[in-house]
file final-v6.txt (compact mmCIF, C-alpha atoms)
# COMPACT_ATOMS: atom_id res chain seq x y z
CA MET A 272 -19.82 0.09 2.36
CA THR A 273 -21.68 3.37 1.98
CA TYR A 274 -23.75 4.93 4.76
CA GLN A 275 -24.91 8.14 3.11
CA ALA A 276 -24.70 8.44 -0.65
CA SER A 277 -22.86 11.31 -2.29
CA PRO A 278 -23.99 12.67 -5.67
CA GLN A 279 -22.08 10.18 -7.81
CA HIS A 280 -23.19 7.11 -5.83
CA SER A 281 -26.40 5.14 -5.99
CA SER A 282 -28.62 4.76 -2.94
CA PRO A 283 -27.65 2.03 -0.47
CA ASP A 284 -29.31 -1.31 -1.05
CA SER A 285 -30.66 -3.62 1.63
CA GLN A 286 -27.30 -5.34 2.12
CA THR A 287 -25.64 -1.98 2.75
CA GLU A 288 -28.35 -0.94 5.20
CA SER A 289 -27.74 -4.15 7.15
CA LEU A 290 -24.07 -3.25 7.35
CA ASP A 291 -25.02 0.25 8.48
CA GLN A 292 -26.40 -1.16 11.72
CA GLN A 293 -23.02 -2.71 12.41
CA LEU A 294 -21.38 0.64 11.80
CA LEU A 295 -23.72 2.38 14.24
CA GLU A 296 -23.14 -0.04 17.12
CA THR A 297 -20.93 1.25 19.95
CA ILE A 298 -19.25 -0.17 23.03
CA THR A 299 -18.54 1.72 26.25
CA VAL A 300 -15.19 1.45 27.98
CA GLN A 301 -14.56 3.54 31.11
CA ASP A 302 -17.38 5.98 30.22
CA ARG A 303 -16.07 6.53 26.68
CA GLN A 304 -17.91 5.33 23.56
CA TYR A 305 -16.12 3.53 20.73
CA GLN A 306 -17.37 2.25 17.40
CA LYS A 307 -17.59 -1.53 17.79
CA TYR A 308 -16.93 -2.14 14.09
CA SER A 309 -13.66 -0.18 14.24
CA ILE A 310 -12.51 -1.95 17.38
CA ASP A 311 -13.41 -5.40 16.03
CA HIS A 312 -11.64 -4.76 12.72
CA ARG A 313 -8.68 -2.89 14.27
CA ILE A 314 -9.44 0.23 12.23
CA SER A 315 -9.52 2.89 14.95
CA PHE A 316 -9.24 2.88 18.73
CA VAL A 317 -10.29 6.51 19.28
CA PRO A 318 -13.61 7.42 20.98
CA VAL A 319 -16.57 8.53 18.86
CA ASP A 320 -18.57 10.31 21.57
CA GLU A 321 -19.56 13.93 22.15
CA GLU A 322 -16.48 14.53 24.27
CA GLU A 323 -14.23 13.53 21.37
CA ALA A 324 -16.26 15.65 18.94
CA GLU A 325 -15.62 18.64 21.20
CA ARG A 326 -11.90 17.88 21.30
CA LEU A 327 -11.76 17.61 17.52
CA GLU A 328 -13.43 21.01 17.17
CA ILE A 329 -10.87 22.53 19.56
CA GLN A 330 -8.09 20.86 17.57
CA HIS A 331 -9.50 22.22 14.29
CA ARG A 332 -9.45 25.75 15.70
CA VAL A 333 -5.83 25.24 16.75
CA PHE A 334 -4.91 24.12 13.24
CA GLN A 335 -6.68 27.14 11.78
CA ARG A 336 -4.41 29.33 13.89
CA VAL A 337 -1.36 27.35 12.78
CA PHE A 338 -2.36 27.67 9.11
CA ASP A 339 -3.40 31.35 9.34
CA ASP A 340 -7.06 30.44 8.75
CA ARG A 341 -6.30 28.78 5.40
CA LEU A 342 -8.33 25.64 4.70
CA ILE A 343 -6.64 24.97 1.36
CA PHE A 344 -2.87 25.32 0.95
CA PRO A 345 -2.22 24.61 -2.78
CA PRO A 346 -3.23 27.10 -5.51
CA VAL A 347 -6.84 25.93 -5.88
CA SER A 348 -8.86 29.13 -6.08
CA ARG A 349 -12.28 27.84 -7.18
CA PRO A 350 -12.66 24.16 -6.32
CA ARG A 351 -15.70 22.42 -7.78
CA ARG A 352 -15.34 19.05 -6.06
CA VAL A 353 -13.42 18.36 -2.85
CA LEU A 354 -12.90 15.11 -0.96
CA ASP A 355 -12.20 15.13 2.79
CA CYS A 356 -10.70 11.82 3.93
CA GLY A 357 -11.35 11.08 7.60
CA TYR A 358 -13.77 13.91 8.35
CA GLY A 359 -14.10 13.06 12.06
CA ALA A 360 -16.56 15.53 13.55
CA GLY A 361 -16.86 17.36 10.22
CA SER A 362 -15.16 20.61 11.26
CA TRP A 363 -12.97 21.02 8.16
CA ALA A 364 -15.59 19.69 5.75
CA VAL A 365 -18.33 22.00 7.05
CA GLU A 366 -16.08 25.04 6.93
CA ALA A 367 -14.90 24.19 3.40
CA ALA A 368 -18.49 23.79 2.21
CA GLU A 369 -19.45 27.14 3.75
CA ARG A 370 -16.47 28.99 2.29
CA TYR A 371 -16.97 27.50 -1.17
CA PRO A 372 -20.77 27.35 -1.59
CA TYR A 373 -20.54 26.33 -5.27
CA CYS A 374 -18.26 23.41 -4.47
CA GLU A 375 -19.43 19.84 -3.80
CA VAL A 376 -17.66 18.68 -0.64
CA THR A 377 -17.69 14.95 0.10
CA GLY A 378 -16.44 13.58 3.42
CA VAL A 379 -15.55 9.95 4.10
CA ASP A 380 -15.04 8.40 7.54
CA ILE A 381 -15.54 5.00 9.12
CA SER A 382 -17.70 6.48 11.89
CA PRO A 383 -20.91 8.54 11.53
CA HIS A 384 -21.26 9.05 15.28
CA MET A 385 -19.82 12.58 15.43
CA ASN A 386 -21.56 13.96 12.34
CA PRO A 387 -22.55 17.64 12.77
CA ASP A 388 -26.22 18.36 13.35
CA ASP A 389 -26.36 21.17 10.80
CA MET A 390 -24.72 20.69 7.42
CA PRO A 391 -24.50 22.95 4.37
CA ASP A 392 -26.52 21.77 1.38
CA ASN A 393 -23.32 21.25 -0.63
CA LEU A 394 -21.79 18.80 1.86
CA TRP A 395 -22.26 15.02 1.68
CA LEU A 396 -20.89 12.69 4.33
CA GLN A 397 -20.51 8.99 3.69
CA VAL A 398 -19.22 6.18 5.84
CA ASP A 399 -16.59 3.87 4.43
CA ASP A 400 -13.31 2.28 5.44
CA LEU A 401 -10.46 4.25 3.89
CA ASN A 402 -8.33 1.13 4.18
CA ARG A 403 -10.32 -0.14 1.20
CA SER A 404 -9.86 1.05 -2.37
CA PHE A 405 -11.75 4.21 -3.29
CA THR A 406 -15.05 3.77 -5.14
CA PHE A 407 -15.05 7.28 -6.63
CA ASP A 408 -14.72 7.89 -10.35
CA SER A 409 -11.30 8.68 -11.76
CA ASN A 410 -10.38 12.30 -12.51
CA TRP A 411 -13.19 13.58 -10.26
CA PHE A 412 -11.85 15.90 -7.54
CA ASP A 413 -10.03 19.22 -7.65
CA LEU A 414 -8.66 18.68 -4.14
CA VAL A 415 -8.28 15.80 -1.70
CA HIS A 416 -7.82 16.76 1.95
CA SER A 417 -6.43 14.20 4.40
CA ARG A 418 -5.69 15.02 8.05
CA LEU A 419 -4.61 12.88 11.00
CA LEU A 420 -5.25 9.42 9.58
CA ALA A 421 -2.17 7.74 11.05
CA THR A 422 -4.22 6.16 13.85
CA GLY A 423 -6.83 4.89 11.35
CA LEU A 424 -5.05 3.83 8.17
CA ASN A 425 -3.28 0.51 8.29
CA ARG A 426 0.50 0.51 7.94
CA SER A 427 0.24 -1.48 4.69
CA ARG A 428 -2.35 0.87 3.14
CA TRP A 429 -0.41 4.13 2.73
CA GLN A 430 1.18 3.39 -0.63
CA SER A 431 -2.08 2.34 -2.30
CA TYR A 432 -3.90 5.17 -0.48
CA PHE A 433 -1.86 7.77 -2.32
CA GLN A 434 -2.29 5.84 -5.56
CA ASP A 435 -6.06 6.01 -5.02
CA ILE A 436 -5.83 9.74 -4.34
CA ARG A 437 -3.87 10.28 -7.55
CA ARG A 438 -6.46 8.32 -9.52
CA VAL A 439 -9.50 10.27 -8.28
CA LEU A 440 -7.85 13.67 -8.70
CA LYS A 441 -8.45 15.59 -11.91
CA PRO A 442 -5.32 16.27 -13.95
CA GLY A 443 -3.84 19.33 -12.25
CA GLY A 444 -5.71 18.56 -9.03
CA TRP A 445 -4.03 18.76 -5.64
CA VAL A 446 -3.79 16.73 -2.45
CA GLN A 447 -2.91 18.15 0.96
CA VAL A 448 -2.03 15.97 3.93
CA VAL A 449 -1.43 16.85 7.60
CA GLU A 450 -0.09 14.32 10.11
CA ILE A 451 1.15 14.67 13.69
CA TYR A 452 4.18 12.66 14.75
CA PHE A 453 3.15 11.76 18.29
CA ASN A 454 6.72 11.48 19.57
CA VAL A 455 6.80 14.59 21.80
CA GLN A 456 9.87 16.77 21.26
CA SER A 457 11.45 19.59 23.28
CA ASP A 458 12.57 22.89 21.77
CA ASN A 459 15.55 22.93 24.14
CA GLY A 460 16.21 19.19 24.22
CA SER A 461 15.25 18.84 27.87
CA ILE A 462 12.94 15.81 27.52
CA THR A 463 14.61 12.58 28.61
CA GLU A 464 13.50 8.95 28.56
CA GLU A 465 12.40 9.41 32.18
CA HIS A 466 9.85 12.11 31.40
CA GLY A 467 6.16 11.24 31.35
CA LEU A 468 5.85 12.85 27.93
CA ARG A 469 8.46 10.52 26.44
CA GLN A 470 6.93 7.55 28.23
CA TRP A 471 3.49 8.41 26.87
CA SER A 472 4.86 8.76 23.33
CA ALA A 473 6.84 5.52 23.43
CA ARG A 474 4.03 3.46 24.91
CA PHE A 475 1.35 4.91 22.66
CA MET A 476 3.34 4.30 19.49
CA ARG A 477 4.34 0.82 20.63
CA SER A 478 0.70 -0.06 21.36
CA LEU A 479 -0.28 0.42 17.69
CA GLU A 480 2.90 -0.56 15.84
CA ASP A 481 1.46 -3.93 14.82
CA THR A 482 -1.16 -2.25 12.59
CA LYS A 483 -0.43 1.49 12.24
CA ASP A 484 2.48 3.69 11.16
CA LEU A 485 2.48 6.65 13.54
CA ARG A 486 5.73 7.91 11.93
CA VAL A 487 4.10 8.27 8.52
CA GLY A 488 4.34 12.07 8.65
CA THR A 489 8.07 11.79 8.01
CA ARG A 490 7.40 9.77 4.85
CA LEU A 491 4.66 11.84 3.20
CA LYS A 492 6.92 13.40 0.56
CA ALA A 493 8.35 10.04 -0.50
CA LEU A 494 4.87 8.47 -0.61
CA MET A 495 3.46 11.26 -2.78
CA MET A 496 6.37 11.16 -5.18
CA GLY A 497 6.14 7.38 -5.31
CA ALA A 498 2.50 7.70 -6.38
CA GLY A 499 3.49 9.90 -9.30
CA LEU A 500 2.50 13.26 -7.85
CA VAL A 501 4.56 16.31 -8.80
CA ASP A 502 5.33 19.73 -7.30
CA VAL A 503 5.51 17.96 -3.94
CA ASP A 504 6.30 20.28 -1.05
CA ALA A 505 6.72 19.06 2.53
CA ARG A 506 7.52 20.84 5.76
CA MET A 507 7.51 20.28 9.49
CA ILE A 508 5.77 22.74 11.80
CA PRO A 509 6.33 22.52 15.58
CA LEU A 510 2.98 22.54 17.40
CA PRO A 511 3.56 23.77 20.97
CA LEU A 512 1.68 21.87 23.66
CA SER A 513 1.33 24.98 25.84
CA ALA A 514 2.11 28.71 25.89
CA TRP A 515 5.90 28.46 26.30
CA SER A 516 7.10 30.18 23.12
CA GLY A 517 8.68 33.64 23.17
CA ASP A 518 7.12 34.30 19.76
CA PRO A 519 3.69 35.94 20.34
CA ARG A 520 1.97 34.01 17.53
CA MET A 521 3.33 30.62 18.61
CA ARG A 522 2.58 31.45 22.24
CA GLU A 523 -1.05 32.11 21.29
CA ILE A 524 -1.18 28.80 19.40
CA GLY A 525 0.26 26.98 22.41
CA MET A 526 -2.29 28.60 24.71
CA ALA A 527 -5.13 27.53 22.40
CA ASN A 528 -3.70 24.00 22.19
CA ARG A 529 -3.53 23.37 25.96
CA GLU A 530 -7.08 22.05 26.29
CA ASN A 531 -6.74 19.86 23.21
CA VAL A 532 -3.51 18.34 24.51
CA LYS A 533 -4.94 17.66 27.95
CA ARG A 534 -7.79 15.69 26.37
CA LEU A 535 -5.67 14.11 23.63
CA PHE A 536 -3.33 12.20 25.94
CA SER A 537 -6.23 10.17 27.29
CA ALA A 538 -8.50 10.06 24.21
CA LEU A 539 -5.91 8.62 21.84
CA ALA A 540 -4.10 6.31 24.23
CA TYR A 541 -6.72 4.93 26.63
CA TYR A 542 -7.97 1.99 24.60
CA PRO A 543 -4.59 1.03 23.04
CA LEU A 544 -2.76 1.11 26.38
CA THR A 545 -5.35 -0.29 28.79
CA GLN A 546 -7.18 -2.73 26.49
CA ARG A 547 -4.49 -3.78 24.03
CA GLN A 548 -1.41 -3.46 26.26
CA ARG A 549 -3.25 -4.30 29.51
CA MET A 550 -1.82 -1.32 31.38
CA PRO A 551 -3.53 -1.04 34.79
CA GLN A 552 -6.03 1.80 35.09
CA GLU A 553 -4.11 3.49 37.95
CA GLU A 554 -0.85 3.38 36.00
CA PHE A 555 -2.52 4.89 32.93
CA GLN A 556 -4.06 7.74 34.89
CA ALA A 557 -0.73 8.48 36.53
CA LEU A 558 0.99 8.50 33.12
CA VAL A 559 -1.43 10.93 31.43
CA THR A 560 -1.49 13.18 34.51
CA GLU A 561 2.30 13.38 34.51
CA ALA A 562 2.42 13.96 30.74
CA ALA A 563 -0.18 16.74 30.94
CA HIS A 564 1.69 18.39 33.82
CA GLU A 565 4.97 18.33 31.88
CA ALA A 566 3.29 19.59 28.69
CA ASP A 567 2.18 22.63 30.66
CA ASN A 568 5.68 23.28 32.02
CA PRO A 569 7.17 26.22 30.06
CA ARG A 570 10.72 25.12 30.88
CA ILE A 571 10.28 21.87 28.94
CA LYS A 572 9.10 23.65 25.76
CA ALA A 573 7.22 20.57 24.50
CA TYR A 574 5.82 20.26 20.98
CA PHE A 575 4.44 17.74 18.50
CA PRO A 576 6.06 17.77 15.03
CA VAL A 577 3.30 18.40 12.48
CA TYR A 578 4.09 17.34 8.92
CA VAL A 579 2.32 19.10 6.07
CA CYS A 580 2.67 17.91 2.48
CA ILE A 581 1.03 18.91 -0.82
CA GLY A 582 1.30 17.39 -4.28
CA ARG A 583 -0.26 17.79 -7.72
CA LYS A 584 -1.50 15.25 -10.25
CA PRO A 585 0.23 15.92 -13.57

call {"tool": "encode", "arguments": {"input": "final-v6.txt", "output": "structure tokens"}}
result
Amino acid sequence: MTYQASPQHSSPDSQTESLDQQLLETITVQDRQYQKYSIDHRISFVPVDEEEAERLEIQHRVFQRVFDDRLIFPPVSRPRRVLDCGYGAGSWAVEAAERYPYCEVTGVDISPHMNPDDMPDNLWLQVDDLNRSFTFDSNWFDLVHSRLLATGLNRSRWQSYFQDIRRVLKPGGWVQVVEIYFNVQSDNGSITEEHGLRQWSARFMRSLEDTKDLRVGTRLKALMMGAGLVDVDARMIPLPLSAWSGDPRMREIGMANRENVKRLFSALAYYPLTQRQRMPQEEFQALVTEAAHEADNPRIKAYFPVYVCIGRKP
């Protein structure tokens, strides 16, 4: 199911082009656009409109602050071929292609709706369902980048997903994965079950538990090692939801993250809660308003745990 061919793929045939029209079709729910194919096949319940593309760009800038402007964490100094799984609005893929002009960067996502208007010549974006086995050649990529796929990959896919990544990596190639655990935490333990933040987390995770594993960040190290990757290194980084930290760098990150968080509560949870769980519209709006207000309260010291994991193919 290829929308735009990358260098090692043949051009789409007529059957593929017919499928492309399905992939392009959208539905509108409460003024937000969703990919109909993803909704129908329970792949993703996140909007694919311009508003979401803007949020993803804000989120990318926040991550660049968290990671000290590093796009690549493992020791890959001169990558020749890079795969970006779940490119979203293309922020990471575009920046990687610009920083490494002699590298072929290939992005894969189920939705082409948020593709950037201007792309470097060394970037190819293709549309495919990452829940399916990879079609790339074995031993092809120097690096595979995967970020925030917990809401898109099926619960049953993660083990074979990392096996696919291992297969397409060159010997000595690296994978880096970043996932947010959407169970909001407090740096001083002040969040209780009565808080809107905890209610949002519990209801959001419950709304997708039949198909997705939103706790997968805690299992990344085990999954990589189970796939035969070596030199696996995993860590958790607290991502502040607002500017509450006494540390100047983390306070700056929290300040930059405020707008992303305010949009995220609604963008990620609207369809799962109101359409899948049948939460009334008024109740949903009250929940996200309360969660956003608490996230901005410096006394609560709210953060998302961000799990980062790298591994190498022997």

call {"tool": "residues_around", "arguments": {"input": "final-v6.txt", "residues": "region 534-546 of chain A", "least_positions_apart": "3", "cutoff": "6 Å", "atoms": "all atoms listed in the file", "output": "PyMOL selection string"}}
result
chain A and resi 317+475+478+531+549-550+559

call {"tool": "closest_residue", "arguments": {"input": "final-v6.txt", "among": "A:Trp363, A:Trp445, A:Phe338, A:Tyr373", "to": "Val579 (chain A)", "atoms": "only C-alpha atoms"}}
result
A:Phe338

call {"tool": "atom_distance", "arguments": {"input": "final-v6.txt", "atom1": "CA of Gly443 (chain A)", "atom2": "CA of Asp355 (chain A)"}}
result
17.7 Å

call {"tool": "closest_residue", "arguments": {"input": "final-v6.txt", "among": "A:Asp504, A:Glu369, A:Asp484, A:Glu523", "to": "Trp429 (chain A)", "atoms": "only C-alpha atoms"}}
result
A:Asp484

call {"tool": "residues_around", "arguments": {"input": "final-v6.txt", "residues": "Ile581 (chain A)", "least_positions_apart": "5", "cutoff": "8 Å", "atoms": "only C-alpha atoms", "output": "ChimeraX atom specification"}}
result
/A:344-345,445-448,502-505

call {"tool": "atom_distance", "arguments": {"input": "final-v6.txt", "atom1": "CA of Leu396 (chain A)", "atom2": "CA of Arg352 (chain A)"}}
result
13.4 Å
